[in-house]
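Colleague: Following this line is start-v6.tsv, made up of TSV, C-alpha atoms:
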```tsv
chain	number	residue	atom	x	y	z
A	186	MET	CA	-26.56	20.46	-2.73
A	187	ARG	CA	-30.03	19.10	-2.19
A	188	SER	CA	-29.29	18.41	1.44
A	189	LEU	CA	-28.02	21.98	1.89
A	190	LEU	CA	-31.04	23.41	0.07
A	191	ALA	CA	-33.39	21.42	2.26
A	192	ARG	CA	-31.70	22.82	5.36
A	193	ILE	CA	-31.99	26.40	4.07
A	194	THR	CA	-35.59	26.27	2.89
A	195	GLY	CA	-36.83	23.73	5.41
A	196	THR	CA	-38.49	21.82	2.56
A	197	PRO	CA	-37.63	18.08	2.44
A	198	ARG	CA	-37.22	16.37	-0.93
A	199	ALA	CA	-38.69	13.10	-2.13
A	200	ARG	CA	-36.32	10.25	-1.42
A	201	ALA	CA	-36.28	6.51	-1.91
A	202	THR	CA	-34.36	4.14	0.38
A	203	ILE	CA	-33.58	0.43	-0.02
A	204	ARG	CA	-33.65	-1.63	3.17
A	205	PRO	CA	-32.66	-5.24	2.49
A	206	ALA	CA	-32.93	-7.67	5.39
A	207	SER	CA	-29.38	-8.72	4.52
A	208	ASP	CA	-26.83	-7.48	2.01
A	209	HIS	CA	-25.44	-10.95	1.34
A	210	VAL	CA	-26.94	-14.26	0.23
A	211	PHE	CA	-25.54	-17.79	0.30
A	212	LEU	CA	-25.68	-20.27	-2.54
A	213	SER	CA	-24.88	-23.93	-1.94
A	214	GLY	CA	-23.12	-26.38	-4.25
A	215	TYR	CA	-22.52	-26.41	-7.99
A	216	GLY	CA	-24.30	-27.47	-11.17
A	217	GLU	CA	-27.65	-29.22	-10.87
A	218	GLU	CA	-27.27	-29.65	-7.10
A	219	ALA	CA	-26.78	-25.92	-6.50
A	220	ARG	CA	-29.33	-24.28	-4.22
A	221	GLY	CA	-30.27	-20.63	-4.04
A	222	GLN	CA	-31.53	-18.23	-1.41
A	223	TYR	CA	-34.06	-15.42	-1.29
A	224	LEU	CA	-32.99	-11.81	-1.11
A	225	TRP	CA	-35.74	-9.79	0.51
A	226	GLY	CA	-36.46	-6.51	2.21
A	227	LYS	CA	-38.44	-3.33	1.57
A	228	VAL	CA	-38.14	-0.12	-0.39
A	229	VAL	CA	-39.28	3.10	1.31
A	230	LEU	CA	-40.43	6.33	-0.34
A	231	PHE	CA	-40.83	9.64	1.44
A	232	LEU	CA	-43.20	11.82	-0.60
A	233	PRO	CA	-43.50	15.51	0.39
A	234	LYS	CA	-46.87	17.19	0.11
A	235	GLY	CA	-47.63	18.47	-3.38
A	236	GLU	CA	-44.69	16.78	-5.11
A	237	GLY	CA	-45.55	14.85	-8.28
A	238	ILE	CA	-44.00	11.40	-7.82
A	239	LYS	CA	-45.53	8.23	-9.27
A	240	GLY	CA	-43.47	5.69	-7.37
A	241	VAL	CA	-40.15	3.85	-7.24
A	242	ARG	CA	-38.32	1.64	-9.70
A	243	LEU	CA	-36.14	-1.09	-8.13
A	244	LYS	CA	-33.69	-3.36	-9.91
A	245	MET	CA	-30.73	-5.58	-9.17
A	246	THR	CA	-27.76	-5.06	-11.42
A	247	GLY	CA	-24.38	-6.68	-11.89
A	248	ARG	CA	-21.05	-5.57	-13.27
A	249	ILE	CA	-18.19	-7.63	-14.67
A	250	THR	CA	-14.87	-5.79	-14.64
A	251	MET	CA	-11.81	-7.12	-16.41
A	252	GLY	CA	-8.47	-5.39	-16.84
A	253	ASP	CA	-5.41	-6.39	-18.82
A	254	HIS	CA	-3.52	-8.61	-16.37
A	255	LEU	CA	-0.38	-8.52	-18.51
A	256	ALA	CA	0.01	-4.73	-18.27
A	257	SER	CA	2.94	-3.72	-16.07
A	258	ALA	CA	1.10	-0.85	-14.35
A	259	CYS	CA	-2.49	0.10	-13.59
A	260	THR	CA	-2.09	3.34	-15.55
A	261	SER	CA	-1.46	1.35	-18.74
A	262	THR	CA	-4.18	-1.23	-18.12
A	263	LEU	CA	-6.97	-1.59	-20.68
A	264	TRP	CA	-10.32	-2.15	-18.99
A	265	GLU	CA	-13.49	-3.91	-20.12
A	266	THR	CA	-16.68	-3.40	-18.17
A	267	SER	CA	-19.99	-5.13	-18.78
A	268	ASP	CA	-23.15	-4.09	-16.92
A	269	PHE	CA	-26.29	-6.22	-16.82
A	270	VAL	CA	-29.67	-6.29	-15.09
A	271	LEU	CA	-30.24	-9.42	-13.06
A	272	HIS	CA	-33.84	-8.52	-12.20
A	273	GLU	CA	-36.15	-5.53	-12.40
A	274	TRP	CA	-39.33	-5.35	-10.38
A	275	GLU	CA	-42.57	-3.88	-11.64
A	276	PRO	CA	-42.69	-0.22	-10.54
A	277	PHE	CA	-43.86	0.36	-6.98
A	278	LEU	CA	-46.61	2.95	-7.49
A	279	THR	CA	-48.22	5.28	-4.97
A	280	GLN	CA	-51.55	5.33	-6.82
A	281	GLY	CA	-54.19	3.43	-4.88
A	282	ARG	CA	-51.90	2.98	-1.91
A	283	ALA	CA	-52.27	4.75	1.42
A	284	GLY	CA	-49.09	6.26	2.81
A	285	GLU	CA	-48.26	6.81	6.43
A	286	PRO	CA	-48.73	10.53	7.18
A	287	SER	CA	-45.84	12.56	8.56
A	288	ALA	CA	-45.22	16.25	9.32
A	289	HIS	CA	-44.06	17.06	5.78
A	290	GLY	CA	-45.70	14.40	3.65
A	291	SER	CA	-46.24	10.65	3.57
A	292	ASN	CA	-44.10	7.52	3.79
A	293	TYR	CA	-44.73	4.54	1.52
A	294	GLU	CA	-43.32	1.05	1.94
A	295	TRP	CA	-43.29	-1.92	-0.42
A	296	PRO	CA	-41.85	-5.35	0.33
A	297	PHE	CA	-39.71	-7.07	-2.28
A	298	GLU	CA	-38.06	-10.45	-2.70
A	299	LEU	CA	-35.95	-12.19	-5.28
A	300	LEU	CA	-34.75	-15.77	-5.49
A	301	ILE	CA	-31.04	-15.78	-6.29
A	302	ARG	CA	-30.79	-19.08	-8.12
A	303	GLY	CA	-28.09	-21.60	-7.34
A	304	ASN	CA	-26.50	-21.29	-10.78
A	305	GLN	CA	-26.03	-17.53	-10.50
A	306	GLU	CA	-22.39	-16.48	-10.71
A	307	GLU	CA	-21.14	-15.47	-7.29
A	308	SER	CA	-19.48	-12.18	-6.37
A	309	PHE	CA	-15.72	-12.17	-6.48
A	310	ARG	CA	-12.68	-9.97	-6.65
A	311	GLY	CA	-9.82	-12.12	-7.88
A	312	CYS	CA	-7.39	-9.22	-7.79
A	313	GLY	CA	-7.44	-5.51	-8.46
A	314	ARG	CA	-8.10	-6.14	-12.16
A	315	CYS	CA	-11.07	-8.52	-12.22
A	316	ALA	CA	-14.35	-8.69	-10.33
A	317	ILE	CA	-18.07	-9.44	-10.43
A	318	THR	CA	-20.20	-7.21	-8.22
A	319	TYR	CA	-23.93	-6.80	-7.63
A	320	ARG	CA	-26.13	-4.10	-6.17
A	321	LEU	CA	-29.74	-3.04	-5.67
A	322	GLU	CA	-30.64	0.30	-7.25
A	323	ALA	CA	-33.67	2.52	-6.61
A	324	ALA	CA	-34.90	5.47	-8.67
A	325	ILE	CA	-37.88	7.79	-8.20
A	326	LEU	CA	-40.42	7.82	-11.03
A	327	LYS	CA	-41.66	11.34	-11.76
A	328	GLU	CA	-44.99	12.21	-13.35
A	329	ASP	CA	-43.25	13.58	-16.45
A	330	GLY	CA	-41.77	10.11	-17.10
A	331	SER	CA	-38.24	10.94	-15.98
A	332	GLU	CA	-36.32	9.06	-13.30
A	333	ASP	CA	-34.13	10.32	-10.49
A	334	PHE	CA	-31.54	7.85	-9.14
A	335	GLN	CA	-31.78	7.77	-5.37
A	336	ASP	CA	-30.13	4.88	-3.57
A	337	TYR	CA	-28.07	1.72	-4.00
A	338	VAL	CA	-26.97	-1.14	-1.74
A	339	PRO	CA	-24.10	-3.51	-2.66
A	340	ILE	CA	-25.15	-7.18	-2.46
A	341	ARG	CA	-22.63	-9.99	-2.10
A	342	ILE	CA	-23.52	-13.41	-3.54
A	343	ILE	CA	-21.52	-16.10	-1.73
A	344	ARG	CA	-21.15	-19.75	-2.66
A	345	CYS	CA	-20.61	-22.48	-0.06
A	346	PRO	CA	-19.48	-26.05	-0.73
A	347	GLN	CA	-22.36	-28.38	-1.51
A	348	GLU	CA	-24.16	-30.18	1.27
A	349	SER	CA	-22.52	-33.53	0.51
A	350	SER	CA	-18.93	-32.21	0.58
A	351	TYR	CA	-18.00	-34.11	3.72
A	352	GLU	CA	-14.64	-35.04	2.20
A	353	LEU	CA	-13.58	-31.45	2.82
A	354	MET	CA	-13.60	-32.32	6.52
A	355	ASP	CA	-11.02	-35.05	6.03
A	356	PRO	CA	-7.53	-34.30	7.34
A	357	VAL	CA	-4.67	-33.74	4.90
A	358	THR	CA	-1.30	-35.21	5.80
A	359	ALA	CA	2.12	-35.03	4.14
A	360	GLN	CA	5.03	-37.19	5.34
A	361	GLY	CA	8.49	-37.82	3.97
A	362	SER	CA	12.07	-36.64	4.10
A	363	TRP	CA	14.29	-34.16	2.28
A	364	CYS	CA	17.47	-35.75	0.88
A	365	GLU	CA	17.72	-37.99	3.94
A	366	LYS	CA	18.49	-34.89	6.01
A	367	ILE	CA	15.15	-33.96	7.58
A	368	ALA	CA	12.04	-36.06	8.11
A	369	TYR	CA	8.77	-34.16	8.20
A	370	SER	CA	5.15	-34.90	9.12
A	371	ILE	CA	2.60	-32.15	8.46
A	372	SER	CA	-1.11	-32.58	9.19
A	373	LEU	CA	-3.91	-30.17	8.34
A	374	ARG	CA	-6.92	-31.12	10.48
A	375	HIS	CA	-9.35	-30.45	7.63
A	376	GLN	CA	-8.94	-29.29	4.06
A	377	ALA	CA	-11.74	-26.68	4.05
A	378	ILE	CA	-10.95	-23.51	6.00
A	379	ALA	CA	-13.27	-20.57	6.69
A	380	LEU	CA	-12.07	-17.31	5.16
A	381	GLY	CA	-10.88	-14.97	7.91
A	382	GLY	CA	-10.57	-17.90	10.30
A	383	LEU	CA	-7.77	-20.13	11.55
A	384	ILE	CA	-5.82	-22.97	9.95
A	385	PRO	CA	-5.34	-25.76	12.53
A	386	ILE	CA	-2.10	-27.65	11.91
A	387	ASP	CA	0.15	-30.24	13.55
A	388	ALA	CA	3.75	-30.33	12.37
A	389	GLN	CA	6.90	-32.22	13.23
A	390	ILE	CA	10.37	-32.25	11.74
A	391	THR	CA	13.19	-34.56	12.79
A	392	ARG	CA	16.84	-34.13	11.99
A	393	ILE	CA	18.32	-37.18	10.28
A	394	GLN	CA	21.78	-36.00	9.23
A	395	HIS	CA	24.25	-36.01	12.10
A	396	GLY	CA	25.79	-32.63	12.87
A	397	ALA	CA	23.14	-30.66	11.00
A	398	THR	CA	21.22	-27.83	12.68
A	399	ILE	CA	17.64	-26.78	12.02
A	400	MET	CA	17.91	-23.03	11.56
A	401	GLY	CA	14.30	-22.10	10.88
A	402	ALA	CA	10.85	-23.21	9.81
A	403	MET	CA	7.76	-21.46	8.55
A	404	PHE	CA	4.36	-21.85	6.92
A	405	TYR	CA	3.11	-19.61	4.16
A	406	LEU	CA	-0.09	-19.42	2.13
A	407	ARG	CA	0.13	-18.99	-1.64
A	408	GLU	CA	-2.80	-17.77	-3.75
A	409	HIS	CA	-2.95	-18.87	-7.41
A	410	HIS	CA	-4.86	-16.72	-9.88
A	411	LYS	CA	-5.66	-17.98	-13.40
A	412	ILE	CA	-7.62	-16.58	-16.32
A	413	HIS	CA	-8.78	-18.75	-19.20
A	414	ASP	CA	-10.14	-17.63	-22.55
A	415	LYS	CA	-13.97	-17.54	-22.27
A	416	SER	CA	-14.29	-20.57	-19.98
A	417	ILE	CA	-12.41	-22.51	-17.32
A	418	THR	CA	-11.60	-25.18	-19.93
A	419	GLY	CA	-10.35	-22.67	-22.50
A	420	PRO	CA	-6.71	-21.77	-23.21
A	421	LEU	CA	-4.82	-20.26	-20.26
A	422	ILE	CA	-4.08	-16.60	-21.00
A	423	TYR	CA	-2.82	-15.46	-17.57
A	424	GLN	CA	-1.38	-17.11	-14.49
A	425	GLY	CA	-0.26	-15.24	-11.39
A	426	GLN	CA	0.35	-15.86	-7.73
A	427	LYS	CA	1.03	-14.07	-4.48
A	428	ILE	CA	2.01	-14.85	-0.92
A	429	VAL	CA	-1.00	-14.12	1.29
A	430	SER	CA	0.58	-14.67	4.73
A	431	ARG	CA	3.74	-16.01	6.34
A	432	TRP	CA	3.98	-17.59	9.78
A	433	GLN	CA	7.47	-17.98	11.21
A	434	LEU	CA	7.67	-20.86	13.69
A	435	ASP	CA	9.49	-20.77	17.02
A	436	LEU	CA	12.26	-23.32	17.54
A	437	GLU	CA	12.38	-24.79	21.01
A	438	ASN	CA	15.90	-26.15	20.62
A	439	ARG	CA	17.90	-25.61	17.43
A	440	ASP	CA	20.29	-28.44	18.31
A	441	GLY	CA	17.47	-30.83	19.22
A	442	GLU	CA	16.60	-33.83	17.10
A	443	THR	CA	12.86	-33.03	16.81
A	444	GLN	CA	10.73	-29.91	16.62
A	445	ASN	CA	6.96	-30.07	17.21
A	446	TRP	CA	4.25	-27.50	16.60
A	447	LYS	CA	0.53	-27.61	17.25
A	448	LEU	CA	-1.10	-24.28	16.51
A	449	CYS	CA	-3.71	-22.32	14.54
A	450	LEU	CA	-2.51	-20.01	11.78
A	451	PRO	CA	-4.65	-16.83	11.50
A	452	LEU	CA	-5.89	-15.82	8.06
A	453	PRO	CA	-6.14	-12.11	7.11
A	454	LYS	CA	-9.09	-10.21	8.57
A	455	VAL	CA	-9.33	-7.91	5.54
A	456	VAL	CA	-11.28	-9.51	2.68
A	457	ARG	CA	-9.29	-7.91	-0.14
A	458	GLU	CA	-6.07	-9.50	1.16
A	459	CYS	CA	-7.26	-13.07	0.58
A	460	SER	CA	-9.93	-14.40	-1.79
A	461	PRO	CA	-11.98	-17.55	-1.30
A	462	ASP	CA	-11.55	-20.35	-3.82
A	463	PHE	CA	-13.74	-19.90	-6.90
A	464	ALA	CA	-14.00	-20.64	-10.61
A	465	VAL	CA	-16.30	-18.19	-12.41
A	466	SER	CA	-16.41	-16.89	-16.00
A	467	GLY	CA	-12.99	-18.25	-16.91
A	468	ILE	CA	-11.40	-16.79	-13.76
A	469	SER	CA	-10.23	-19.02	-10.92
A	470	VAL	CA	-8.48	-18.66	-7.58
A	471	ASP	CA	-7.13	-21.49	-5.45
A	472	HIS	CA	-4.64	-21.87	-2.61
A	473	THR	CA	-1.82	-24.04	-1.33
A	474	LEU	CA	-0.31	-24.12	2.15
A	475	HIS	CA	3.48	-24.45	2.16
A	476	PHE	CA	5.85	-25.61	4.88
A	477	ALA	CA	9.52	-24.64	4.57
A	478	ALA	CA	12.58	-25.47	6.68
A	479	THR	CA	16.19	-24.25	6.65
A	480	LEU	CA	19.02	-26.62	7.56
A	481	LEU	CA	22.66	-25.77	8.33
A	482	GLY	CA	24.89	-28.70	7.39
A	483	GLU	CA	27.96	-29.83	9.27
A	484	ASP	CA	30.09	-28.39	6.46
A	485	GLY	CA	28.42	-24.96	6.79
A	486	THR	CA	26.14	-25.39	3.78
A	487	VAL	CA	22.68	-23.85	4.16
A	488	SER	CA	19.85	-25.80	2.50
A	489	GLU	CA	16.20	-24.88	2.18
A	490	TYR	CA	13.39	-27.38	1.69
A	491	GLU	CA	9.64	-27.10	1.36
A	492	ILE	CA	6.43	-28.99	0.62
A	493	SER	CA	2.94	-27.81	-0.34
A	494	MET	CA	-0.53	-29.04	0.56
A	495	PRO	CA	-3.90	-28.25	-1.07
A	496	ILE	CA	-6.24	-26.10	0.98
A	497	ILE	CA	-9.73	-24.83	0.19
A	498	LEU	CA	-10.84	-21.42	1.46
A	499	PHE	CA	-14.56	-20.61	1.57
A	500	THR	CA	-16.79	-17.94	3.07
A	501	SER	CA	-18.65	-19.44	6.01
A	502	PRO	CA	-22.04	-18.32	7.39
A	503	GLU	CA	-20.23	-18.33	10.75
A	504	LEU	CA	-18.21	-15.37	9.43
A	505	PRO	CA	-20.02	-13.97	6.36
A	506	VAL	CA	-18.89	-11.10	4.15
A	507	ASN	CA	-21.37	-8.30	3.51
A	508	GLY	CA	-21.97	-6.27	0.37
A	509	TRP	CA	-19.23	-3.79	1.23
A	510	GLY	CA	-16.64	-6.57	1.60
A	511	ILE	CA	-16.56	-6.60	5.42
A	512	PHE	CA	-16.54	-9.64	7.68
A	513	LEU	CA	-19.66	-9.68	9.86
A	514	LYS	CA	-19.04	-11.00	13.35
A	515	ASN	CA	-21.82	-12.81	15.17
A	516	LYS	CA	-22.37	-10.72	18.30
A	517	GLU	CA	-24.18	-13.61	19.99
A	518	LYS	CA	-21.01	-15.72	20.04
A	519	SER	CA	-18.27	-15.17	22.58
A	520	ALA	CA	-14.71	-14.60	21.40
A	521	SER	CA	-13.68	-18.05	22.59
A	522	GLY	CA	-16.72	-19.62	20.92
A	523	THR	CA	-15.90	-17.96	17.61
A	524	ARG	CA	-12.30	-19.08	17.86
A	525	ASN	CA	-13.40	-22.68	18.44
A	526	VAL	CA	-15.67	-22.57	15.39
A	527	LEU	CA	-12.98	-21.11	13.15
A	528	SER	CA	-10.15	-23.33	14.36
A	529	GLU	CA	-11.91	-26.66	14.77
A	530	GLY	CA	-13.74	-25.83	11.57
A	531	ILE	CA	-16.96	-27.10	10.27
A	532	GLN	CA	-18.53	-29.81	12.33
A	533	ILE	CA	-19.92	-33.02	10.83
A	534	PRO	CA	-22.50	-32.50	9.61
A	535	PRO	CA	-21.21	-28.99	8.88
A	536	LYS	CA	-23.46	-26.25	10.16
A	537	TYR	CA	-23.40	-24.50	6.80
A	538	CYS	CA	-24.50	-27.74	5.15
A	539	LYS	CA	-27.74	-28.10	7.09
A	540	GLY	CA	-29.45	-25.74	4.69
A	541	ASP	CA	-30.98	-23.64	7.49
A	542	PHE	CA	-29.32	-20.49	6.22
A	543	LEU	CA	-31.07	-20.91	2.88
A	544	ASN	CA	-34.55	-20.48	4.30
A	545	ASP	CA	-34.38	-19.08	7.83
A	546	TYR	CA	-35.02	-15.37	7.44
A	547	ASN	CA	-34.80	-14.81	11.18
A	548	ALA	CA	-31.16	-15.83	11.09
A	549	ILE	CA	-30.21	-13.01	8.72
A	550	PRO	CA	-28.40	-10.14	10.50
A	551	THR	CA	-30.16	-6.80	10.17
A	552	SER	CA	-27.73	-4.44	11.93
A	553	PRO	CA	-25.75	-2.19	9.57
A	554	PRO	CA	-21.99	-2.77	9.19
A	555	PRO	CA	-19.44	-0.15	10.25
A	556	ALA	CA	-18.26	2.43	7.76
A	557	TYR	CA	-15.56	1.12	5.47
A	558	SER	CA	-13.68	2.34	2.43
A	559	LEU	CA	-11.82	0.16	-0.06
A	560	CYS	CA	-8.40	1.38	-1.13
```
When written as structure tokens, how does the structure in this file appear?

Modeller:
Amino acid sequence: MRSLLARITGTPRARATIRPASDHVFLSGYGEEARGQYLWGKVVLFLPKGEGIKGVRLKMTGRITMGDHLASACTSTLWETSDFVLHEWEPFLTQGRAGEPSAHGSNYEWPFELLIRGNQEESFRGCGRCAITYRLEAAILKEDGSEDFQDYVPIRIIRCPQESSYELMDPVTAQGSWCEKIAYSISLRHQAIALGGLIPIDAQITRIQHGATIMGAMFYLREHHKIHDKSITGPLIYQGQKIVSRWQLDLENRDGETQNWKLCLPLPKVVRECSPDFAVSGISVDHTLHFAATLLGEDGTVSEYEISMPIILFTSPELPVNGWGIFLKNKEKSASGTRNVLSEGIQIPPKYCKGDFLNDYNAIPTSPPPAYSLC
């Protein structure tokens, strides 16, 4: 209505706008070794001539949302929501400050910054019934003491593995046989995988039982979701899981003795379809990569076998997630270059472990993300 009124009367209204340099920040590591990052930007106030506005109030807030995970339907879910203020700046006042004149008033700008400490709980959305979210909020301070809410910007706090986590670059290998019928050898080139990226694998299965036929093989990614009472070490009150993705493998020769695969498995490109690994406020998510094979015996019996391997998913600065839950692509990298980064993974030393992203403001993307709506 205000926008329509302004168009009819031609009189603009006072408005405050938040312009962060980035709507996501990266934390590194856990516990005493955890490192934080500065969130910074500016808040802008347009003040029409003759309007009584004292300034702008800016704060960063958080919300913890928890629903009853045991309820059979969302309509019967009991919800608990807890709002908190992470930081509130001293009011940005116009008194004693010169604004930049414009045709209908003046524009005021104030810089702001906030150190998001390494021990701050990161943003997450474990499923549709639990989440921690953050946002910046701005309100106009009127001369009569009232406030008028004006603008907000979602902020995503992301945690990376600590700088010394080089073991996450080690390959993971599983070898063995199923009932002396099929021998398998599965190798994951590195245990840590960038969310939204590619899982590089080498796989081989060999038929041992004479007369048997390998009918099919596939990989699938399983996400495990747990909730503990009050803390990660408390009693387990909920445990769930889902299949994130399935990748059916092509068979070169069903009657052949050996099948080989060397490929990269693509992870979902929509953030809500797959969470990174985390353990926050009694809520945890982790993942396992499964390999399954189907064997047709000489007697016509169909047997299915599978193994699982641990895998760690994290949000990488190579493919960050913004405050709206959207992957941000680096426009400076070519498509092939991005693919190499996401498939070959983190180099040693990992780029995200150098610590540059914690302090280099120039590296923070400033272009706005495309419009997006969560279902």

Colleague: Write out, as a tab-separated table, each residue of range 309-406 of chain A that has an atom at most 6 Å from range 199-223 of chain A, together with the closest pair of atoms and their distance in Å to one decimal, counting only C-alpha atoms, rows going by chain and rising number.

Modeller:
```
residue	atom	partner	partner_atom	distance
A:Gln335	CA	A:Ala201	CA	5.8
A:Asp336	CA	A:Thr202	CA	5.8
A:Ile340	CA	A:Asp208	CA	4.8
A:Arg341	CA	A:His209	CA	4.5
A:Ile342	CA	A:Val210	CA	5.2
A:Ile343	CA	A:Phe211	CA	4.8
A:Arg344	CA	A:Leu212	CA	4.6
A:Cys345	CA	A:Ser213	CA	4.9
A:Pro346	CA	A:Gly214	CA	5.1
A:Gln347	CA	A:Gly214	CA	3.5
```

Colleague: In Å, rounded to a single decimal, give me how far CA of Leu263 in chain A is from CA of Ile422 in chain A.

Modeller: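 Computed distance, CA of Ile422 in chain A to CA of Leu263 in chain A, equals 15.3 Å.
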
Colleague: Skipping near chain neighbours, those fewer than 6 positions away, what residues fall within 9 Å of Leu450 in chain A using all atoms listed in the file, listed as a list of chain:residue names?

Modeller: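 Residues near the query, excluding close chain neighbours: A:Gly382, A:Leu383, A:Ile384, A:Pro385, A:Ile386, A:Phe404, A:Trp432, A:Ser528.
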
Colleague: Write the residues you've just listed into a file as a PDB file, keeping the file's coordinate frame, and include C-alpha atoms for each of them.

Modeller:
```pdb
ATOM      1  CA  GLY A 382     -10.570 -17.900  10.300  1.00  0.00           C
ATOM      2  CA  LEU A 383      -7.770 -20.130  11.550  1.00  0.00           C
ATOM      3  CA  ILE A 384      -5.820 -22.970   9.950  1.00  0.00           C
ATOM      4  CA  PRO A 385      -5.340 -25.760  12.530  1.00  0.00           C
ATOM      5  CA  ILE A 386      -2.100 -27.650  11.910  1.00  0.00           C
ATOM      6  CA  PHE A 404       4.360 -21.850   6.920  1.00  0.00           C
ATOM      7  CA  TRP A 432       3.980 -17.590   9.780  1.00  0.00           C
ATOM      8  CA  SER A 528     -10.150 -23.330  14.360  1.00  0.00           C
TER       9      SER A 528
END
```

Colleague: So which residues touch Ser331 in chain A within 12 Å, counting all atoms listed in the file, skipping near sequence neighbours fewer than 6 positions away, as a VMD selection string?

Modeller: chain A and resid 237 to 242 324 to 325

Colleague: Could you please determine the separation between CA of Met245 in chain A and CA of His272 in chain A in Å, to one decimal place?

Modeller: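 Atom-to-atom, CA of Met245 in chain A to CA of His272 in chain A, that is 5.2 Å.
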
Colleague: For each of A:Gly381, A:Met403, A:Glu491, A:Gln394, take the minimum atom-to-atom distance to Pro505 in chain A, counting only C-alpha atoms, then give the residue where this is smallest.

Modeller: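 The closest residue to Pro505 in chain A is A:Gly381.
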
Colleague: For Val506 in chain A, which of A:Leu300, A:Leu271, A:Val455, A:Leu481 is the closest residue, counting all atoms listed in the file?

Modeller: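 When distances to Val506 in chain A are compared using all atoms listed in the file, the smallest one comes from A:Val455.
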
Colleague: Got a sec: who's within 9 Å of range 287-294 of chain A, counting only C-alpha atoms, leaving out chain neighbours fewer than 4 positions off, as a list in words?

Modeller: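 With the cut-off at 9 Å, the set is Thr196, Pro197, Lys227, Val228, Val229, Leu230, Phe231, Leu232, Pro233, Lys234, Gly235, Phe277, Thr279, Arg282 and Ala283 of chain A.
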
Colleague: Expressed in Å to a single decimal, how great is the separation between CA of Gly401 in chain A and CA of His472 in chain A?

Modeller: 23.3 Å

Colleague: Measuring atom to atom with all atoms listed in the file, identify which of A:Pro286, A:Gly252, A:Gly281, A:Pro461 is nearest to Phe499 in chain A.

Modeller: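 The closest residue to Phe499 in chain A is A:Pro461.
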
Colleague: Return the single residue from A:Gln389, A:Gln424, A:Pro453, A:Val470 that is closest to Leu436 in chain A, with distances computed using all atoms listed in the file.

Modeller: A:Gln389

Colleague: Write out as a VMD selection string the residues lying within 10 Å of Ser430 in chain A, counting only C-alpha atoms and excluding same-chain residues fewer than 5 positions away.

Modeller: chain A and resid 404 to 408 450 to 453 458 to 459 474

Colleague: For Met400 in chain A, which of A:Met251, A:Ile412, A:Val270, A:Ala477 is the closest residue, counting all atoms listed in the file?

Modeller: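 Closest to Met400 in chain A of all the choices is A:Ala477.
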
Colleague: Using all atoms listed in the file, can you tell me which of A:Glu332, A:Glu483, A:Glu273, A:Asp268 comes closest to Thr318 in chain A?

Modeller: A:Asp268

Colleague: At a cut-off of 8 Å from (1.9, -34.6, 4.7) in the coordinates of the file, what residues are picked up using all atoms listed in the file, written as a PyMOL selection string?

Modeller: chain A and resi 357-361+369-372+494

Colleague: With 8 Å as the threshold, what does the neighbourhood of (-30.3, 2.6, -8.5) contain in terms of residues, counting all atoms listed in the file? Coordinates are those of the file; answer as a ChimeraX atom specification.

Modeller: /A:243-244,321-324,334-337

Colleague: Give me the residues within 8 Å of Glu489 in chain A as a PyMOL selection string, counting only C-alpha atoms and dropping any in the same chain fewer than 5 places off.

Modeller: chain A and resi 477-480
